[in-house]
Amino acid sequence: MKKDILILGIETSCDETAAAVVKNGREVLSNIIYSQIELHKVYGGVVPEIASRKHIEKINQVTSRALEAAGVTLNDMDAVAVTYGPGLVGALLVGVAFAKSLSFATGIPLVGVHHIEGHISANYIEHKELEPPFMSLVVSGGHTHLVNVAGYGKYEILGRTRDDAAGEAFDKVARALGLGYPGGPEIDRAAREGDPYAIEFPRARVSGSEYDFSFSGLKSAVLNYLNSAEMKGEEIRVPDVAASFQKAVTDVLTEHSIRALGQRGEKRLALAGGVASNSALRASMKEACDKEGIALYCPSPVYCTDNAAMIAVCGYYEYMNGVRSPLTLNAVPGLKLGERNG
Amino acid sequence: MKILAVDSSGLVASVAIVEDNVMTAEYTVNYKKTHSQTLLPMLDEIKRMTELDLSSVDAIAVAKGPGSFTGLRIGCATVKGLGFALNKPIIAVPTADALAMNAWGYGGLVCPLMDARRMQVYTGIYSWEGSPENARDFGRLHIIMQQRPMSVSELIGKLDALETEEKVLFLGDGVPVYEKEITRKLKRSCEFAPAHMGRQRAGALAVLAGIYYEKGLTETAEEHKPEYLRLSQAERERACREGCVIRPMKEEDAEEVSRLEERVFSMPWRKKDFLEMIERDNMSCLVAELDGEIVGQAGIREIAGDIELTNVAIAEEHRRKGFGRKLLRAAIEEGKRLGGTQFTLEVRKGNEAAVRLYESEGFKSEGVRKDFYEKPREDALVMWLRDCGENASGKASGDDL
């Protein structure tokens, strides 16, 4: 009988301290997340130093709870997988130093994992039939990537944002509209009451690369609209602005993804990242994919936002590919997708 | 007893193993690579070199802070991982105490300096006149001033005010930054430590940690966190903007208040003293709370219409934010409620910031109590705020109208 492979995943790249145990790369035995979001809300965004301090306070508790909930011990693990980039350097360092220390003390192999590859891998948890090759659209607070997943651990970036990430644009527009932080869910909520065709915001094209994105122009257009409406003394309907802005974002994301799928002859698309749980994006993608006969995959919201289960899943495939990180593993805040930097 | 020690609080990465009275390994690197790249490989190296069985270690020691925030966290996360995986206790030693340990037996004052930027240092003042029998000493290490952030000029003033003829030995990464200024301004004679004892060394940390271990001063890996002695910049700015909340002390606060008291005063009140304050009708204690943490406290006692401010303390990292003033004003209001018309307090003569605060709130110095304070010995100024009861403050009572 084939032995089960157990991976402990650790994730501290931004404002969630998380640990999880995953069996054979697909079965989540535990998934513990301590979210710091309430701490950062008063500052209107994640404060790196506060995030790092909180990770230190929570890392042991989160890890021991993940092991307990899975009914296993540290020594049962076949590898410790940890996010080493991209992300906030101080935050990443907590997870990296802690994971290296666990590996050093127990002799269990260490596997450094790319945060975005983790997000993509979250799709494997609930879609057991999904295997590469497929296309993935990663949208989160810090990332917007259109990726061709050629194999486990093999990624080809087709398009990326040239400026703001989609989630960042959501945060900034939400702030301008007086909605709370984080902006994604707030805009999603406000937009439900609004008319997505009320205001015509621009859909930016990026010259030279047909799959790249740009959201800073859209963000400025929204801010300009708000300013000029205010100057003219016109009433601003927040739900309409939210819905129109959201539509401008989802239109571009959908259009680029569908075009890439068509040109590559690929029939499967997996959404990933925090913004992947945005209801308008899901609806727009679903409609377009149904029309084109494309199978759409998307993780449940708990696996869309930052979590360690996705890191353990990704770490499993890296481990099976023979990846072992040395004790010199460092946090790499600007780590590129598909890059190996251990 | 076998102690594995880690210090990454400053520019130096250092690890050591000390077993009973023998240091089996020490590995110290002061090079431009980050601690994240060096610390674990260094631990791995000394483990292999000495064929160390990690499960034979009794405790893991770490420099708990202050220091570089990131450096502290790398060391902290590392020992938290070790403690977790090996199920061993953590010994968290103040960084400046461990640095002072480098100069064991020095016949004068020892003053570690760590550059904290913005013209500040993390520092402390130590001597080797301690005794193992004294509960507040660590072997022969005697703490004259506990580690804290302060400006270099304030530190120089503090050292010169000490009533002793002794020389001072400075060490730490703040030395190259402030050596000139110190040599120029310090009246007392001083010298600067040579290279082999000038920076953090895990060997010294391990030896001091051994004394902590014998005193039972350990914590679990889960409990352990760094002591930064400073808030993040975002928190500092927010605290300046929003300030703290002043409220009466509750019974469940007494523990936290007594810990704050210990951090601030050389002769602290104990938890039971604070509990007593809640019981007594003529006493009252207020606390300053910021985000659920008690950052300051002020106690008052009414005796025949006079209100004595028994102790006013603000945590080191929350000074210069107006919290002390807010607390003082609230304490005066509370004193008036208890029927007080005039207020008095004692303050260390050298505590200029506090004296200035009291003066700006109307207190005047009316006398000196010679050698009132110990550790270090210092005179107390006796200050009074007179004629500030309801009637004296100019407010007419209802009967007069």
# chains A, B, ... in the order shown; residues from 1 in each chain; ligands from 1
$ closest_atom_pairs --of "chain A" --to "chain B" --cutoff "9 Å" --atoms "only C-alpha atoms" --output "JSON lines"
{"residue": "A:Tyr43", "atom": "CA", "partner": "B:Ala234", "partner_atom": "CA", "distance": 7.7}
{"residue": "A:Val47", "atom": "CA", "partner": "B:Ala234", "partner_atom": "CA", "distance": 7.1}
{"residue": "A:Glu49", "atom": "CA", "partner": "B:Ser232", "partner_atom": "CA", "distance": 6.0}
{"residue": "A:Ile50", "atom": "CA", "partner": "B:Ser232", "partner_atom": "CA", "distance": 6.7}
{"residue": "A:Ser52", "atom": "CA", "partner": "B:Arg73", "partner_atom": "CA", "distance": 8.1}
{"residue": "A:Arg53", "atom": "CA", "partner": "B:Arg73", "partner_atom": "CA", "distance": 7.9}
{"residue": "A:Ile56", "atom": "CA", "partner": "B:Ala77", "partner_atom": "CA", "distance": 6.5}
{"residue": "A:Glu57", "atom": "CA", "partner": "B:Lys225", "partner_atom": "CA", "distance": 6.2}
{"residue": "A:Lys58", "atom": "CA", "partner": "B:Glu222", "partner_atom": "CA", "distance": 7.9}
{"residue": "A:Ile59", "atom": "CA", "partner": "B:Glu222", "partner_atom": "CA", "distance": 8.0}
{"residue": "A:Asn60", "atom": "CA", "partner": "B:Glu222", "partner_atom": "CA", "distance": 5.3}
{"residue": "A:Gln61", "atom": "CA", "partner": "B:Glu222", "partner_atom": "CA", "distance": 6.4}
{"residue": "A:Ser64", "atom": "CA", "partner": "B:Phe84", "partner_atom": "CA", "distance": 8.5}
{"residue": "A:Leu74", "atom": "CA", "partner": "B:Ala85", "partner_atom": "CA", "distance": 7.2}
{"residue": "A:Asn75", "atom": "CA", "partner": "B:Ala85", "partner_atom": "CA", "distance": 8.6}
{"residue": "A:Gly90", "atom": "CA", "partner": "B:Thr70", "partner_atom": "CA", "distance": 6.3}
{"residue": "A:Leu93", "atom": "CA", "partner": "B:Ile74", "partner_atom": "CA", "distance": 6.7}
{"residue": "A:Val94", "atom": "CA", "partner": "B:Ala77", "partner_atom": "CA", "distance": 5.7}
{"residue": "A:Gly95", "atom": "CA", "partner": "B:Ala77", "partner_atom": "CA", "distance": 7.6}
{"residue": "A:Val96", "atom": "CA", "partner": "B:Ser36", "partner_atom": "CA", "distance": 8.3}
{"residue": "A:Ala97", "atom": "CA", "partner": "B:Thr78", "partner_atom": "CA", "distance": 5.4}
{"residue": "A:Phe98", "atom": "CA", "partner": "B:Gly81", "partner_atom": "CA", "distance": 4.9}
{"residue": "A:Ala99", "atom": "CA", "partner": "B:Gly81", "partner_atom": "CA", "distance": 7.0}
{"residue": "A:Lys100", "atom": "CA", "partner": "B:Leu40", "partner_atom": "CA", "distance": 7.3}
{"residue": "A:Ser101", "atom": "CA", "partner": "B:Gly81", "partner_atom": "CA", "distance": 5.1}
{"residue": "A:Leu102", "atom": "CA", "partner": "B:Gly81", "partner_atom": "CA", "distance": 5.3}
{"residue": "A:Ser103", "atom": "CA", "partner": "B:Ala85", "partner_atom": "CA", "distance": 8.7}
{"residue": "A:Phe104", "atom": "CA", "partner": "B:Asp44", "partner_atom": "CA", "distance": 7.3}
{"residue": "A:Ala105", "atom": "CA", "partner": "B:Leu82", "partner_atom": "CA", "distance": 6.0}
{"residue": "A:Thr106", "atom": "CA", "partner": "B:Ala85", "partner_atom": "CA", "distance": 6.8}
{"residue": "A:Pro326", "atom": "CA", "partner": "B:Pro41", "partner_atom": "CA", "distance": 8.8}
{"residue": "A:Leu327", "atom": "CA", "partner": "B:Pro41", "partner_atom": "CA", "distance": 5.8}
{"residue": "A:Thr328", "atom": "CA", "partner": "B:Gln37", "partner_atom": "CA", "distance": 4.5}
{"residue": "A:Leu329", "atom": "CA", "partner": "B:Gln37", "partner_atom": "CA", "distance": 6.4}
{"residue": "A:Asn330", "atom": "CA", "partner": "B:Ser36", "partner_atom": "CA", "distance": 5.8}
{"residue": "A:Ala331", "atom": "CA", "partner": "B:Ser36", "partner_atom": "CA", "distance": 7.8}
$ residues_around --residues "Ala254 of chain B" --least-positions-apart "6" --cutoff "7 Å" --atoms "only C-alpha atoms" --output "list in words"
Lys271, Phe274 and Leu275 of chain B
$ write_last_selection --atoms "N, CA and C atoms" --output "PDB file, in the first residue's frame"
ATOM      1  N   LYS B 271       1.728  44.080  43.723  1.00  0.00           N
ATOM      2  CA  LYS B 271       0.327  43.857  43.339  1.00  0.00           C
ATOM      3  C   LYS B 271      -0.612  44.071  44.528  1.00  0.00           C
ATOM      4  N   PHE B 274      -1.546  47.576  45.216  1.00  0.00           N
ATOM      5  CA  PHE B 274      -2.555  48.132  44.309  1.00  0.00           C
ATOM      6  C   PHE B 274      -3.945  47.619  44.664  1.00  0.00           C
ATOM      7  N   LEU B 275      -3.999  46.346  45.048  1.00  0.00           N
ATOM      8  CA  LEU B 275      -5.299  45.797  45.448  1.00  0.00           C
ATOM      9  C   LEU B 275      -5.829  46.553  46.666  1.00  0.00           C
TER      10      LEU B 275
END
$ residues_around --residues "Arg319 of chain B" --least-positions-apart "2" --cutoff "12 Å" --atoms "only C-alpha atoms" --output "ChimeraX atom specification"
/B:148-150,229-231,236,239-240,243-244,264,288,295-296,313-317,321-327,353-354,357
$ write_last_selection --atoms "N, CA, C and O atoms" --output "short mmCIF file (atom, residue, chain, number, x, y, z; two decimals), in the first residue's frame"
data_model
loop_
_atom_site.label_atom_id
_atom_site.label_comp_id
_atom_site.auth_asym_id
_atom_site.auth_seq_id
_atom_site.Cartn_x
_atom_site.Cartn_y
_atom_site.Cartn_z
N ARG B 148 16.21 50.57 28.45
CA ARG B 148 15.14 51.43 27.96
C ARG B 148 15.66 52.28 26.80
O ARG B 148 16.87 52.43 26.63
N PRO B 149 14.75 52.83 26.00
CA PRO B 149 15.21 53.77 24.99
C PRO B 149 15.35 55.16 25.62
O PRO B 149 14.52 55.55 26.44
N MET B 150 16.40 55.87 25.30
CA MET B 150 16.53 57.26 25.76
C MET B 150 17.49 58.01 24.86
O MET B 150 18.24 57.41 24.10
N LEU B 229 10.15 47.56 23.03
CA LEU B 229 10.25 48.82 23.77
C LEU B 229 9.81 50.03 22.94
O LEU B 229 9.99 51.17 23.34
N ARG B 230 9.25 49.76 21.78
CA ARG B 230 8.75 50.84 20.95
C ARG B 230 7.59 50.33 20.12
O ARG B 230 7.62 49.20 19.65
N LEU B 231 6.62 51.20 19.92
CA LEU B 231 5.51 50.84 19.06
C LEU B 231 5.92 50.98 17.61
O LEU B 231 6.91 51.62 17.29
N ARG B 236 2.32 54.64 16.82
CA ARG B 236 2.76 55.88 17.48
C ARG B 236 1.94 57.06 16.97
O ARG B 236 1.45 57.88 17.73
N ALA B 239 -1.58 56.86 18.22
CA ALA B 239 -1.67 57.17 19.65
C ALA B 239 -1.60 58.69 19.85
O ALA B 239 -2.30 59.24 20.69
N CYS B 240 -0.75 59.35 19.05
CA CYS B 240 -0.64 60.81 19.15
C CYS B 240 -1.96 61.45 18.75
O CYS B 240 -2.40 62.43 19.33
N GLY B 243 -4.89 59.38 21.36
CA GLY B 243 -4.65 59.36 22.79
C GLY B 243 -5.19 58.13 23.47
O GLY B 243 -5.72 57.23 22.85
N CYS B 244 -5.03 58.12 24.79
CA CYS B 244 -5.41 56.94 25.56
C CYS B 244 -6.68 57.24 26.35
O CYS B 244 -7.12 58.38 26.44
N VAL B 264 9.02 50.53 35.51
CA VAL B 264 9.29 51.97 35.54
C VAL B 264 10.10 52.37 36.78
O VAL B 264 10.98 53.23 36.69
N ALA B 288 -4.18 54.49 32.44
CA ALA B 288 -4.29 54.95 31.06
C ALA B 288 -4.27 53.71 30.19
O ALA B 288 -3.34 52.92 30.26
N VAL B 295 -0.99 51.41 29.79
CA VAL B 295 0.27 52.06 29.43
C VAL B 295 0.69 53.10 30.47
O VAL B 295 1.75 53.69 30.36
N GLY B 296 -0.17 53.34 31.45
CA GLY B 296 0.19 54.30 32.49
C GLY B 296 -0.72 54.14 33.68
O GLY B 296 -1.81 53.55 33.58
N ALA B 313 3.17 56.67 36.63
CA ALA B 313 4.07 55.94 35.73
C ALA B 313 3.49 55.86 34.33
O ALA B 313 2.30 55.63 34.16
N ILE B 314 4.35 56.06 33.35
CA ILE B 314 3.97 55.86 31.96
C ILE B 314 5.00 54.90 31.36
O ILE B 314 6.20 55.08 31.56
N ALA B 315 4.52 53.88 30.66
CA ALA B 315 5.43 52.92 30.04
C ALA B 315 6.39 53.66 29.11
O ALA B 315 6.00 54.59 28.40
N GLU B 316 7.64 53.19 29.16
CA GLU B 316 8.72 53.81 28.40
C GLU B 316 8.33 54.16 26.95
O GLU B 316 8.53 55.27 26.48
N GLU B 317 7.75 53.17 26.26
CA GLU B 317 7.50 53.34 24.83
C GLU B 317 6.33 54.28 24.54
O GLU B 317 6.04 54.59 23.40
N LYS B 321 3.88 61.57 24.57
CA LYS B 321 2.68 61.57 23.75
C LYS B 321 1.55 62.32 24.44
O LYS B 321 0.42 62.28 24.00
N GLY B 322 1.85 62.92 25.60
CA GLY B 322 0.81 63.64 26.31
C GLY B 322 -0.02 62.75 27.23
O GLY B 322 -0.98 63.21 27.84
N PHE B 323 0.32 61.46 27.32
CA PHE B 323 -0.44 60.56 28.18
C PHE B 323 -0.26 60.93 29.66
O PHE B 323 -1.18 60.86 30.46
N GLY B 324 0.98 61.33 30.01
CA GLY B 324 1.28 61.68 31.40
C GLY B 324 0.45 62.87 31.84
O GLY B 324 -0.12 62.88 32.93
N ARG B 325 0.34 63.85 30.96
CA ARG B 325 -0.42 65.05 31.30
C ARG B 325 -1.90 64.70 31.47
O ARG B 325 -2.55 65.11 32.42
N LYS B 326 -2.40 63.90 30.53
CA LYS B 326 -3.80 63.51 30.57
C LYS B 326 -4.10 62.76 31.89
O LYS B 326 -5.11 63.00 32.54
N LEU B 327 -3.16 61.89 32.25
CA LEU B 327 -3.31 61.09 33.47
C LEU B 327 -3.24 61.98 34.71
O LEU B 327 -4.03 61.84 35.64
N ALA B 353 12.00 65.48 32.71
CA ALA B 353 10.76 65.47 31.93
C ALA B 353 9.56 65.53 32.87
O ALA B 353 8.62 66.29 32.64
N ALA B 354 9.61 64.74 33.96
CA ALA B 354 8.50 64.71 34.91
C ALA B 354 8.38 66.04 35.65
O ALA B 354 7.28 66.58 35.79
N LEU B 357 6.77 68.54 33.50
CA LEU B 357 5.34 68.29 33.36
C LEU B 357 4.59 68.83 34.58
O LEU B 357 3.60 69.55 34.44
#
$ residues_around --residues "Glu255 of chain B" --least-positions-apart "4" --cutoff "12 Å" --atoms "only C-alpha atoms" --output "list in words"
Met249, Lys250, Glu251, Arg259, Leu260, Glu261, Glu262, Trp269, Arg270, Lys271, Lys272, Asp273, Phe274, Leu275 and Ile294 of chain B
$ write_last_selection --atoms "all heavy atoms" --output "CSV table (one decimal), in the first residue's frame"
chain,number,residue,atom,x,y,z
B,249,MET,N,-8.7,52.1,38.1
B,249,MET,CA,-8.2,50.7,38.0
B,249,MET,C,-9.2,49.7,38.6
B,249,MET,O,-9.9,50.0,39.6
B,249,MET,CB,-6.9,50.7,38.9
B,249,MET,CG,-6.3,49.3,39.0
B,249,MET,SD,-4.7,49.3,39.9
B,249,MET,CE,-5.4,49.5,41.6
B,250,LYS,N,-9.2,48.5,38.0
B,250,LYS,CA,-10.1,47.5,38.5
B,250,LYS,C,-9.2,46.4,39.1
B,250,LYS,O,-8.0,46.3,38.8
B,250,LYS,CB,-10.9,46.9,37.3
B,250,LYS,CG,-12.0,47.9,36.8
B,250,LYS,CD,-12.8,47.3,35.7
B,250,LYS,CE,-12.1,47.5,34.4
B,250,LYS,NZ,-12.8,47.3,33.2
B,251,GLU,N,-9.9,45.5,39.9
B,251,GLU,CA,-9.1,44.5,40.6
B,251,GLU,C,-8.3,43.6,39.6
B,251,GLU,O,-7.1,43.3,39.8
B,251,GLU,CB,-10.1,43.6,41.3
B,251,GLU,CG,-9.5,42.9,42.5
B,251,GLU,CD,-10.5,42.1,43.3
B,251,GLU,OE1,-11.5,42.8,43.7
B,251,GLU,OE2,-10.3,40.9,43.5
B,259,ARG,N,3.1,45.1,37.1
B,259,ARG,CA,4.2,44.8,36.1
B,259,ARG,C,4.7,46.1,35.5
B,259,ARG,O,5.9,46.3,35.3
B,259,ARG,CB,3.8,43.8,35.0
B,259,ARG,CG,4.2,42.4,35.3
B,259,ARG,CD,3.8,41.5,34.2
B,259,ARG,NE,2.3,41.2,34.2
B,259,ARG,CZ,1.6,41.2,33.1
B,259,ARG,NH1,2.1,41.4,32.0
B,259,ARG,NH2,0.3,40.9,33.3
B,260,LEU,N,3.8,47.0,35.2
B,260,LEU,CA,4.2,48.3,34.6
B,260,LEU,C,5.1,49.0,35.7
B,260,LEU,O,6.1,49.6,35.3
B,260,LEU,CB,3.0,49.1,34.3
B,260,LEU,CG,3.2,50.6,33.9
B,260,LEU,CD1,3.9,50.7,32.6
B,260,LEU,CD2,1.8,51.3,33.9
B,261,GLU,N,4.6,49.0,36.9
B,261,GLU,CA,5.3,49.6,38.0
B,261,GLU,C,6.8,49.1,38.1
B,261,GLU,O,7.7,49.9,38.3
B,261,GLU,CB,4.6,49.4,39.3
B,261,GLU,CG,5.2,49.9,40.6
B,261,GLU,CD,4.7,51.3,41.0
B,261,GLU,OE1,3.9,51.9,40.2
B,261,GLU,OE2,5.2,51.8,42.0
B,262,GLU,N,6.9,47.8,38.0
B,262,GLU,CA,8.2,47.2,38.0
B,262,GLU,C,9.1,47.6,36.9
B,262,GLU,O,10.3,47.8,37.1
B,262,GLU,CB,8.1,45.7,38.0
B,262,GLU,CG,8.0,45.0,39.3
B,262,GLU,CD,7.8,43.5,39.2
B,262,GLU,OE1,8.4,42.9,38.3
B,262,GLU,OE2,7.0,43.0,39.9
B,269,TRP,N,5.9,49.4,43.8
B,269,TRP,CA,4.8,48.9,44.6
B,269,TRP,C,4.5,47.5,44.1
B,269,TRP,O,4.7,47.2,42.9
B,269,TRP,CB,3.6,49.8,44.5
B,269,TRP,CG,3.7,51.1,45.3
B,269,TRP,CD1,4.8,51.8,45.6
B,269,TRP,CD2,2.6,51.8,45.9
B,269,TRP,NE1,4.5,52.9,46.3
B,269,TRP,CE2,3.1,52.9,46.5
B,269,TRP,CE3,1.2,51.6,45.9
B,269,TRP,CZ2,2.4,53.9,47.1
B,269,TRP,CZ3,0.4,52.5,46.6
B,269,TRP,CH2,1.0,53.7,47.2
B,270,ARG,N,3.9,46.7,45.0
B,270,ARG,CA,3.6,45.3,44.6
B,270,ARG,C,2.1,45.2,44.3
B,270,ARG,O,1.3,46.1,44.6
B,270,ARG,CB,3.9,44.3,45.8
B,270,ARG,CG,5.4,44.3,46.1
B,270,ARG,CD,6.2,43.8,45.0
B,270,ARG,NE,7.7,43.9,45.4
B,270,ARG,CZ,8.6,43.9,44.4
B,270,ARG,NH1,8.3,43.7,43.2
B,270,ARG,NH2,9.9,44.0,44.8
B,271,LYS,N,1.7,44.1,43.7
B,271,LYS,CA,0.3,43.9,43.3
B,271,LYS,C,-0.6,44.1,44.5
B,271,LYS,O,-1.7,44.7,44.4
B,271,LYS,CB,0.2,42.4,42.8
B,271,LYS,CG,-1.2,42.1,42.3
B,271,LYS,CD,-1.3,40.7,41.7
B,271,LYS,CE,-2.7,40.3,41.5
B,271,LYS,NZ,-2.8,38.9,41.1
B,272,LYS,N,-0.2,43.6,45.7
B,272,LYS,CA,-1.1,43.7,46.9
B,272,LYS,C,-1.3,45.1,47.3
B,272,LYS,O,-2.3,45.5,47.8
B,272,LYS,CB,-0.6,42.8,48.0
B,272,LYS,CG,0.8,43.3,48.6
B,272,LYS,CD,1.0,42.5,49.9
B,272,LYS,CE,2.4,42.8,50.5
B,272,LYS,NZ,2.8,44.2,50.7
B,273,ASP,N,-0.3,46.0,47.0
B,273,ASP,CA,-0.4,47.4,47.3
B,273,ASP,C,-1.5,48.0,46.5
B,273,ASP,O,-2.3,48.9,46.9
B,273,ASP,CB,0.9,48.2,47.1
B,273,ASP,CG,2.1,47.6,47.9
B,273,ASP,OD1,1.8,47.2,49.1
B,273,ASP,OD2,3.2,47.5,47.4
B,274,PHE,N,-1.5,47.6,45.2
B,274,PHE,CA,-2.6,48.1,44.3
B,274,PHE,C,-3.9,47.6,44.7
B,274,PHE,O,-4.9,48.4,44.6
B,274,PHE,CB,-2.2,47.8,42.9
B,274,PHE,CG,-1.0,48.6,42.4
B,274,PHE,CD1,0.2,48.1,42.2
B,274,PHE,CD2,-1.2,50.0,42.1
B,274,PHE,CE1,1.3,48.8,41.8
B,274,PHE,CE2,-0.1,50.7,41.6
B,274,PHE,CZ,1.1,50.1,41.5
B,275,LEU,N,-4.0,46.3,45.0
B,275,LEU,CA,-5.3,45.8,45.4
B,275,LEU,C,-5.8,46.6,46.7
B,275,LEU,O,-7.0,46.8,46.8
B,275,LEU,CB,-5.2,44.3,45.7
B,275,LEU,CG,-5.0,43.4,44.5
B,275,LEU,CD1,-4.7,42.0,44.9
B,275,LEU,CD2,-6.2,43.5,43.6
B,294,ILE,N,-2.6,48.5,29.4
B,294,ILE,CA,-2.4,49.5,30.4
B,294,ILE,C,-1.0,50.1,30.1
B,294,ILE,O,0.0,49.5,30.2
B,294,ILE,CB,-2.6,49.0,31.8
B,294,ILE,CG1,-4.1,48.6,32.0
B,294,ILE,CG2,-2.2,50.1,32.8
B,294,ILE,CD1,-4.4,48.1,33.3
$ residues_around --residues "segment 279-282 of chain A" --least-positions-apart "3" --cutoff "7 Å" --atoms "only C-alpha atoms" --output "list in words"
Asp188, Thr250, Ala276, Met285 and Lys286 of chain A
$ residues_around --residues "Arg386 of chain B" --least-positions-apart "6" --cutoff "8 Å" --atoms "only C-alpha atoms" --output "PyMOL selection string"
chain B and resi 341-343+363
$ select_by_dssp --residues "segment 264-306 of chain A" --states "alpha helix (DSSP H)" --output "VMD selection string"
chain A and resid 264 279 to 292 301 to 304
$ residues_around --residues "segment 17-28 of chain B" --least-positions-apart "6" --cutoff "7 Å" --atoms "only C-alpha atoms" --output "ChimeraX atom specification"
/B:1-5,42,46,201-203,206
$ write_last_selection --atoms "all heavy atoms" --output "mmCIF file, in the first residue's frame"
data_model
loop_
_atom_site.group_PDB
_atom_site.id
_atom_site.type_symbol
_atom_site.label_atom_id
_atom_site.label_comp_id
_atom_site.auth_asym_id
_atom_site.auth_seq_id
_atom_site.Cartn_x
_atom_site.Cartn_y
_atom_site.Cartn_z
ATOM 1 N N MET B 1 23.177 21.104 33.080
ATOM 2 C CA MET B 1 22.229 21.956 32.357
ATOM 3 C C MET B 1 22.837 22.426 31.038
ATOM 4 O O MET B 1 23.952 22.930 31.004
ATOM 5 C CB MET B 1 21.880 23.175 33.215
ATOM 6 C CG MET B 1 20.901 24.084 32.556
ATOM 7 S SD MET B 1 20.555 25.563 33.524
ATOM 8 C CE MET B 1 22.143 25.996 34.201
ATOM 9 N N LYS B 2 22.086 22.235 29.948
ATOM 10 C CA LYS B 2 22.600 22.597 28.632
ATOM 11 C C LYS B 2 21.702 23.660 28.009
ATOM 12 O O LYS B 2 20.492 23.474 27.905
ATOM 13 C CB LYS B 2 22.634 21.353 27.745
ATOM 14 C CG LYS B 2 23.500 21.515 26.506
ATOM 15 C CD LYS B 2 23.443 20.297 25.618
ATOM 16 C CE LYS B 2 24.233 19.102 26.175
ATOM 17 N NZ LYS B 2 24.201 17.943 25.258
ATOM 18 N N ILE B 3 22.323 24.787 27.632
ATOM 19 C CA ILE B 3 21.549 25.890 27.059
ATOM 20 C C ILE B 3 22.031 26.206 25.655
ATOM 21 O O ILE B 3 23.229 26.349 25.405
ATOM 22 C CB ILE B 3 21.629 27.146 27.960
ATOM 23 C CG1 ILE B 3 20.865 26.868 29.261
ATOM 24 C CG2 ILE B 3 21.051 28.383 27.257
ATOM 25 C CD1 ILE B 3 20.910 27.980 30.257
ATOM 26 N N LEU B 4 21.069 26.290 24.751
ATOM 27 C CA LEU B 4 21.342 26.710 23.381
ATOM 28 C C LEU B 4 20.906 28.172 23.291
ATOM 29 O O LEU B 4 19.774 28.500 23.650
ATOM 30 C CB LEU B 4 20.521 25.839 22.420
ATOM 31 C CG LEU B 4 20.663 26.099 20.924
ATOM 32 C CD1 LEU B 4 22.061 25.738 20.452
ATOM 33 C CD2 LEU B 4 19.627 25.287 20.157
ATOM 34 N N ALA B 5 21.814 29.052 22.854
ATOM 35 C CA ALA B 5 21.493 30.483 22.880
ATOM 36 C C ALA B 5 21.583 31.099 21.486
ATOM 37 O O ALA B 5 22.436 30.718 20.683
ATOM 38 C CB ALA B 5 22.427 31.211 23.836
ATOM 39 N N MET B 42 24.107 28.547 10.871
ATOM 40 C CA MET B 42 25.078 28.604 11.966
ATOM 41 C C MET B 42 24.711 27.612 13.066
ATOM 42 O O MET B 42 25.568 26.909 13.608
ATOM 43 C CB MET B 42 25.147 30.031 12.536
ATOM 44 C CG MET B 42 25.870 31.006 11.606
ATOM 45 S SD MET B 42 25.582 32.737 12.053
ATOM 46 C CE MET B 42 26.331 32.796 13.663
ATOM 47 N N ILE B 46 27.072 24.386 14.351
ATOM 48 C CA ILE B 46 27.564 24.046 15.698
ATOM 49 C C ILE B 46 26.953 22.728 16.191
ATOM 50 O O ILE B 46 27.566 21.997 16.945
ATOM 51 C CB ILE B 46 27.358 25.181 16.743
ATOM 52 C CG1 ILE B 46 25.893 25.545 16.935
ATOM 53 C CG2 ILE B 46 28.191 26.406 16.409
ATOM 54 C CD1 ILE B 46 25.662 26.454 18.147
ATOM 55 N N ARG B 201 27.148 38.576 22.079
ATOM 56 C CA ARG B 201 27.750 37.239 21.979
ATOM 57 C C ARG B 201 26.829 36.242 22.675
ATOM 58 O O ARG B 201 26.504 36.399 23.856
ATOM 59 C CB ARG B 201 29.132 37.222 22.625
ATOM 60 C CG ARG B 201 30.167 37.949 21.780
ATOM 61 C CD ARG B 201 31.545 37.790 22.344
ATOM 62 N NE ARG B 201 31.991 36.403 22.339
ATOM 63 C CZ ARG B 201 33.251 36.048 22.605
ATOM 64 N NH1 ARG B 201 34.145 36.955 22.895
ATOM 65 N NH2 ARG B 201 33.580 34.786 22.584
ATOM 66 N N ALA B 202 26.461 35.206 21.935
ATOM 67 C CA ALA B 202 25.498 34.243 22.468
ATOM 68 C C ALA B 202 26.062 33.486 23.666
ATOM 69 O O ALA B 202 25.306 33.003 24.510
ATOM 70 C CB ALA B 202 25.063 33.284 21.370
ATOM 71 N N GLY B 203 27.396 33.395 23.757
ATOM 72 C CA GLY B 203 28.001 32.722 24.911
ATOM 73 C C GLY B 203 27.656 33.440 26.207
ATOM 74 O O GLY B 203 27.251 32.818 27.197
ATOM 75 N N ALA B 206 24.069 32.969 27.020
ATOM 76 C CA ALA B 206 23.777 31.639 27.564
ATOM 77 C C ALA B 206 24.116 31.561 29.049
ATOM 78 O O ALA B 206 23.376 30.963 29.838
ATOM 79 C CB ALA B 206 24.551 30.576 26.787
#
$ select_by_dssp --residues "segment 352-388 of chain B" --states "strand (DSSP E or B)" --output "count of residues only"
18
$ closest_residue --among "A:Lys232, A:Arg237, A:Arg268, A:His256" --to "Ala198 of chain A" --atoms "only C-alpha atoms"
A:Arg237
$ atom_distance --atom1 "atom CA of Tyr152 of chain A" --atom2 "atom CA of Cys314 of chain A"
8.4 Å
